[in-house]
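**Q** Would you mind keeping the following structure in view while I ask a few things?
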Amino acid sequence: MKILVCISHVPDTTSKINFTEDNTKFDSNGVQFVINPHDEFVLTRAMWFKEKQGASITVVNVGNISTEPTLRKALAIGADDAIRVNTEATDGFYVAKQLAEVIKNGGYDLIMAGKESMDYNGGMVPGMTASILDYNFVNACIGIEIEGNKATVTRDIDGGKEILSTELPLVIGGQKGLVEDKDLRIPNMRGIMMARKKPLKVVEPVDFDPTTVITDFEKPTPKSNCKIIDADKVEELVDLLHNEAKVI
Amino acid sequence: MAQDLYQAPDYYHLDDLLTDEHKLIRDAAREWIKREVTPIIEDVAQKAEFPKQIIDGLAKIGAFGSFIPEEYGGSGLDHISYGIIMQEIERGDSGVRSTASVQSSLVMYPIWKFGSEEQKQKYLPKLATGELMGCFGLTEPNHGSNPGGMETKYKDMGDHYLLNGAKLWISNSPFADIAVVWAKNEKGRVHGLIVERGMKGFSTPETHHKWSLRTSATGELIFDNVKIPKENLLPGKSGLGAPLMCLDSARYGIAWGAIGAAMDCYDAALRYAKERTQFGKPIAAFQLQQKKLTEMITEITKAQFLTWRLGVLRDEGRATSAQISMAKRNNVEMALNIARESRQILGAMGITGDYSIMRHMMNLESVITYEGTHDIHLLITGMDITGIPAFV
């Protein structure tokens, strides 16, 4: 079984968020980047397929050269080889177009991606990729088993689980539940040394104009201080809600 | 201990000077410490136990002989890699870092540098995986800063050597499988010998009731007519210069390690100062606390760059013993001062085991003394810049 794991390179969730170029670009100065947390669960589940069912794992990222350390980490964790599509990941559809090309050329049976990336939270790429290729698609997966050509996939739904059966080739959007936090792997020194020798192929993007352009980022309004109004001063409360907070 | 919320300070983007592989190694060590060490470390420190269960993990993150070539089971990495691994481990605990330092710099290093091919093949791969643990015997009850006066000696008995004497303050001694021991021959020349646990007349009593490095096992090495096979002598180098080369490697690792302890204290103090409210605002809003925090991050940043530069020099084979002394001395004192200032910021909470600060502070009292005392390192630098030794 050939597995492709799609890896996003995202700011660590503790990063301070700032924007440049008139609030149209994320300011990456001094920001630490990590494997998208959803993708890390997916990659770990893929490792189980590798170890228990002899699958091969290719990891792919659509991004410029600054994303290579993230791919190297995935190789150090245990992926067999990596592909970087050498272009800026501008929007979800653009990324899906690029991934679809990689998948067409590589002939993968199972494409595993995190259900969304933790930076822009678009949540579009896995579904769009499957749609472009006309592959089966299951989102928000918390469990997956493969036997031959058949896949049994467990989804997280409101208040419970949904169990589906489908066939390869298949795209899944995965999340925690595929594996748990304790199962996530820290690259060991042997893995880091082996990763040096594993192939990381850089491919050029397919020609395609992004369909959306970011015009502005806005940060949430900072929380204001709490005002305590005495219980017997209802009129003052109403006045503040009406004239200052303007909510009534 | 409370949940480990550690975020490493990097005020001047030192990360930009590290390679991607350095950062991968560093992040792996950092993650492993967070997952495997900080959840247990306070408990084992309170009980004064060495956490044997983490030996395998230490080996896996490359804490044992990362600079040893791959053919002997090491990782063949540069000295900056070794340094950043030590930094991350000491961020967790100086005692754990001590165990790793001893294994790497004081046991694997001399066998690699001065050992025969057979000794390298026999010991290094097993030391790299932690299957064998080692210790290093130089300091004696009557000879600390003056190791040249050592009394431990061996006699050539024809088909073996006979070793007699005692070593004190030996990290890892109570559980070590082998000891690299420095002793004088009949001509008074210092040589290294590999002593194995189980050899008749060799014992390793543990030193109890320490208030420092409580997670690291410390003890003595006692040699009472121990028969040492001749093939256990390290043939590559003799004289005091041999153990001093090992100490250079260990002190270099300590210089990095101390930064880790300082970073952990600063990070805890900064977070606490922003959360703790007095007089209606966070204590971080008060000038006296800002002074403490500002001076801490300034000192950490200076130490980070000093030590990174030392790493570059060491990788180029140009770092001198005196330069290593300066970094070890500066960084450990810096870390100890930061531990004390951080403890002040946390007030009474700072003395509890809910925070790592008091443990770091107590550990650093050993770190400032071992591997060359604070004063001796000053005299090494003094001798280097004046050309005049002031030891005697």
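FYI, nothing fancy with the structure tokens labels: chains A, B, ... in order, residues from 1 per chain, ligands from 1 as they appear.
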Please report as a list in words which residues of chain B come no farther than 8 Å from chain A, using only C-alpha atoms.
**A**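 The complete set of qualifying residues is His13, Asp20, Glu21, Leu24, Ile25, Ala28, Glu31, Trp32, Lys60, Ile61, Gly62 and Ser75 of chain B.
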**Q** Please provide the set of residues having any atom within 6 Å of region 46-58 of chain B, restricted to only C-alpha atoms, with same-chain residues fewer than 2 positions apart removed, written as a PyMOL selection string.
**A** chain B and resi 43-44+60-61+63+214-217
**Q** Save out the residues we just selected, N, CA and C atoms, as a tab-separated table (two decimals), in the first residue's frame.
**A**
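The new file result_0.tsv reads:
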```
chain	number	residue	atom	x	y	z
B	43	ASP	N	9.35	14.23	41.62
B	43	ASP	CA	9.12	13.12	42.53
B	43	ASP	C	10.42	12.36	42.83
B	44	VAL	N	11.19	12.06	41.78
B	44	VAL	CA	12.43	11.31	42.03
B	44	VAL	C	13.45	12.18	42.77
B	60	LYS	N	18.27	7.25	23.18
B	60	LYS	CA	17.56	7.46	21.90
B	60	LYS	C	17.64	8.90	21.41
B	61	ILE	N	17.70	9.87	22.34
B	61	ILE	CA	17.81	11.26	21.86
B	61	ILE	C	19.27	11.64	21.58
B	63	ALA	N	21.90	11.34	23.79
B	63	ALA	CA	22.59	11.95	24.93
B	63	ALA	C	23.88	11.23	25.29
B	214	ARG	N	19.99	15.50	43.35
B	214	ARG	CA	19.35	14.36	44.03
B	214	ARG	C	18.85	13.30	43.04
B	215	THR	N	18.77	13.66	41.77
B	215	THR	CA	18.33	12.67	40.77
B	215	THR	C	19.52	11.91	40.19
B	216	SER	N	20.72	12.27	40.60
B	216	SER	CA	21.90	11.61	40.07
B	216	SER	C	22.55	10.83	41.21
B	217	ALA	N	22.97	9.61	40.91
B	217	ALA	CA	23.59	8.79	41.96
B	217	ALA	C	25.07	9.13	42.05
```
**Q** Can you tell me, as JSON, numbers by chain, what residues are no more than 8 Å from Thr301 (chain B) when counting only C-alpha atoms, ignoring any on the same chain fewer than 6 positions away?
**A** {"B": [10, 11, 12]}
**Q** Just write the chosen residues, all heavy atoms, as a short mmCIF file (atom, residue, chain, number, x, y, z; two decimals), in the first residue's frame.
**A**
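Contents of out_4.cif, as written:
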```
data_model
loop_
_atom_site.label_atom_id
_atom_site.label_comp_id
_atom_site.auth_asym_id
_atom_site.auth_seq_id
_atom_site.Cartn_x
_atom_site.Cartn_y
_atom_site.Cartn_z
N ASP B 10 14.54 32.93 23.18
CA ASP B 10 15.56 33.09 22.13
C ASP B 10 15.47 34.54 21.66
O ASP B 10 15.01 34.84 20.57
CB ASP B 10 15.30 32.11 20.97
CG ASP B 10 16.36 32.22 19.89
OD1 ASP B 10 17.41 32.83 20.14
OD2 ASP B 10 16.13 31.70 18.78
N TYR B 11 15.94 35.45 22.52
CA TYR B 11 15.67 36.88 22.33
C TYR B 11 16.34 37.45 21.10
O TYR B 11 15.82 38.36 20.47
CB TYR B 11 16.14 37.63 23.59
CG TYR B 11 15.52 38.99 23.72
CD1 TYR B 11 14.17 39.11 24.03
CD2 TYR B 11 16.27 40.14 23.54
CE1 TYR B 11 13.58 40.35 24.13
CE2 TYR B 11 15.68 41.39 23.65
CZ TYR B 11 14.34 41.49 23.94
OH TYR B 11 13.75 42.71 24.05
N TYR B 12 17.50 36.93 20.75
CA TYR B 12 18.25 37.46 19.60
C TYR B 12 18.21 36.51 18.39
O TYR B 12 19.07 36.57 17.54
CB TYR B 12 19.71 37.70 20.00
CG TYR B 12 20.04 39.10 20.46
CD1 TYR B 12 19.16 39.82 21.26
CD2 TYR B 12 21.24 39.70 20.12
CE1 TYR B 12 19.46 41.09 21.69
CE2 TYR B 12 21.56 40.98 20.55
CZ TYR B 12 20.67 41.67 21.34
OH TYR B 12 20.99 42.94 21.77
#
```
**Q** Neighbouring residues of Glu218 (chain A) were defined as those with any atom within 9 Å, considering only C-alpha atoms; residues of the same chain fewer than 2 positions away were excluded. Please report them as a ChimeraX atom specification.
**A** /A:19,23,216,220-221
**Q** Near Asp119 (chain A), within 10 Å and counting only C-alpha atoms, which residues show up once chain neighbours fewer than 4 positions away are dropped, as a PDB file with C-alpha atoms, in the first residue's frame?
**A**
```pdb
ATOM      1  CA  SER A   8       1.409  21.472   6.500  1.00  0.00           C
ATOM      2  CA  HIS A   9       4.124  23.645   7.964  1.00  0.00           C
ATOM      3  CA  VAL A  10       2.411  25.883  10.532  1.00  0.00           C
ATOM      4  CA  PRO A  11       3.428  28.314  13.282  1.00  0.00           C
ATOM      5  CA  ASP A  12       3.696  26.807  16.739  1.00  0.00           C
ATOM      6  CA  THR A  13       0.400  27.471  18.501  1.00  0.00           C
ATOM      7  CA  PHE A  26       1.753  36.842   8.181  1.00  0.00           C
ATOM      8  CA  ASN A  36       0.475  20.816  11.675  1.00  0.00           C
TER       9      ASN A  36
END
```
**Q** Rounded to one decimal, what separation in Å do you get between CA of Ala303 (chain B) and CA of Ile84 (chain B)?
**A**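 It comes out at 13.0 Å.
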**Q** Write down as a PyMOL selection string the residues belonging to region 267-368 of chain B that are assigned strand (DSSP E or B) by DSSP computed on the backbone.
**A** chain B and resi 277-278+281-282
**Q** Can those selected residues be exported to a file as a compact mmCIF listing (two decimals), in the first residue's frame so that it contains C-alpha atoms?
**A**
```
# COMPACT_ATOMS: atom_id res chain seq x y z
CA THR B 277 -1.57 39.73 40.78
CA GLN B 278 -0.78 42.03 43.71
CA LYS B 281 -2.07 44.29 38.74
CA PRO B 282 0.31 41.54 37.65
```
**Q** Pick out each residue of region 9-200 of chain A that DSSP on the backbone tags as alpha helix (DSSP H); I need them as a PyMOL selection string.
**A** chain A and resi 37-53+68-77+92-106+125-133+189-197
**Q** Find the residues near Lys237 (chain B): any atom within 12 Å, counting only C-alpha atoms, skip ones fewer than 5 places away on the same chain, and give them as a PyMOL selection string.
**A** chain B and resi 110-116+182+189-193+242-246
**Q** Between CA of Phe391 (chain B) and CA of Asp248 (chain B), what is the distance, to one decimal in Å?
**A** 18.4 Å
**Q** Out of A:Thr67, A:Ser15, A:Asn149, A:Ser117, which residue has the shortest atom-to-atom distance to Met1 (chain A) when counting only C-alpha atoms?
**A** A:Asn149
**Q** Quick one: of A:Val125, A:Pro169, A:Lys198, A:Val42, who's nearest to Ile144 (chain A), counting only C-alpha atoms?
**A**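 Closest to Ile144 (chain A) of all the choices is A:Val42.
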**Q** So that I can see what lies close to region 357-370 of chain B, please list as a ChimeraX atom specification the residues with an atom at most 8 Å from it, counting only C-alpha atoms and leaving out residues fewer than 3 positions away in the same chain.
**A** /B:45,93-95,211-214,254,258,261,264-265,268,329,332-333,335-336,339-340,342-343,350-353,373-374
**Q** Name the closest residue to Ala8 (chain B) among the candidates B:Ile388, B:Met383, B:Val195, B:Ile259; distances are taken between atoms, counting only C-alpha atoms.
**A**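 Between B:Ile388, B:Met383, B:Val195, B:Ile259, the residue approaching Ala8 (chain B) most closely is B:Ile259.
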**Q** Can you measure CA of Gly219 (chain B) to CA of Trp169 (chain B) for me? One decimal in Å is fine.
**A**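 Interatomic distance here is 5.7 Å.
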**Q** Smallest atom-to-atom distance to Lys167 (chain B): which of B:Tyr82, B:Trp256, B:Phe286, B:Phe202, using only C-alpha atoms?
**A**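 The closest residue to Lys167 (chain B) is B:Phe202.
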**Q** Using only C-alpha atoms, which of B:Thr320, B:Ser98, B:Asn225, B:Ser171 sits nearest Thr207 (chain B)?
**A** B:Ser171
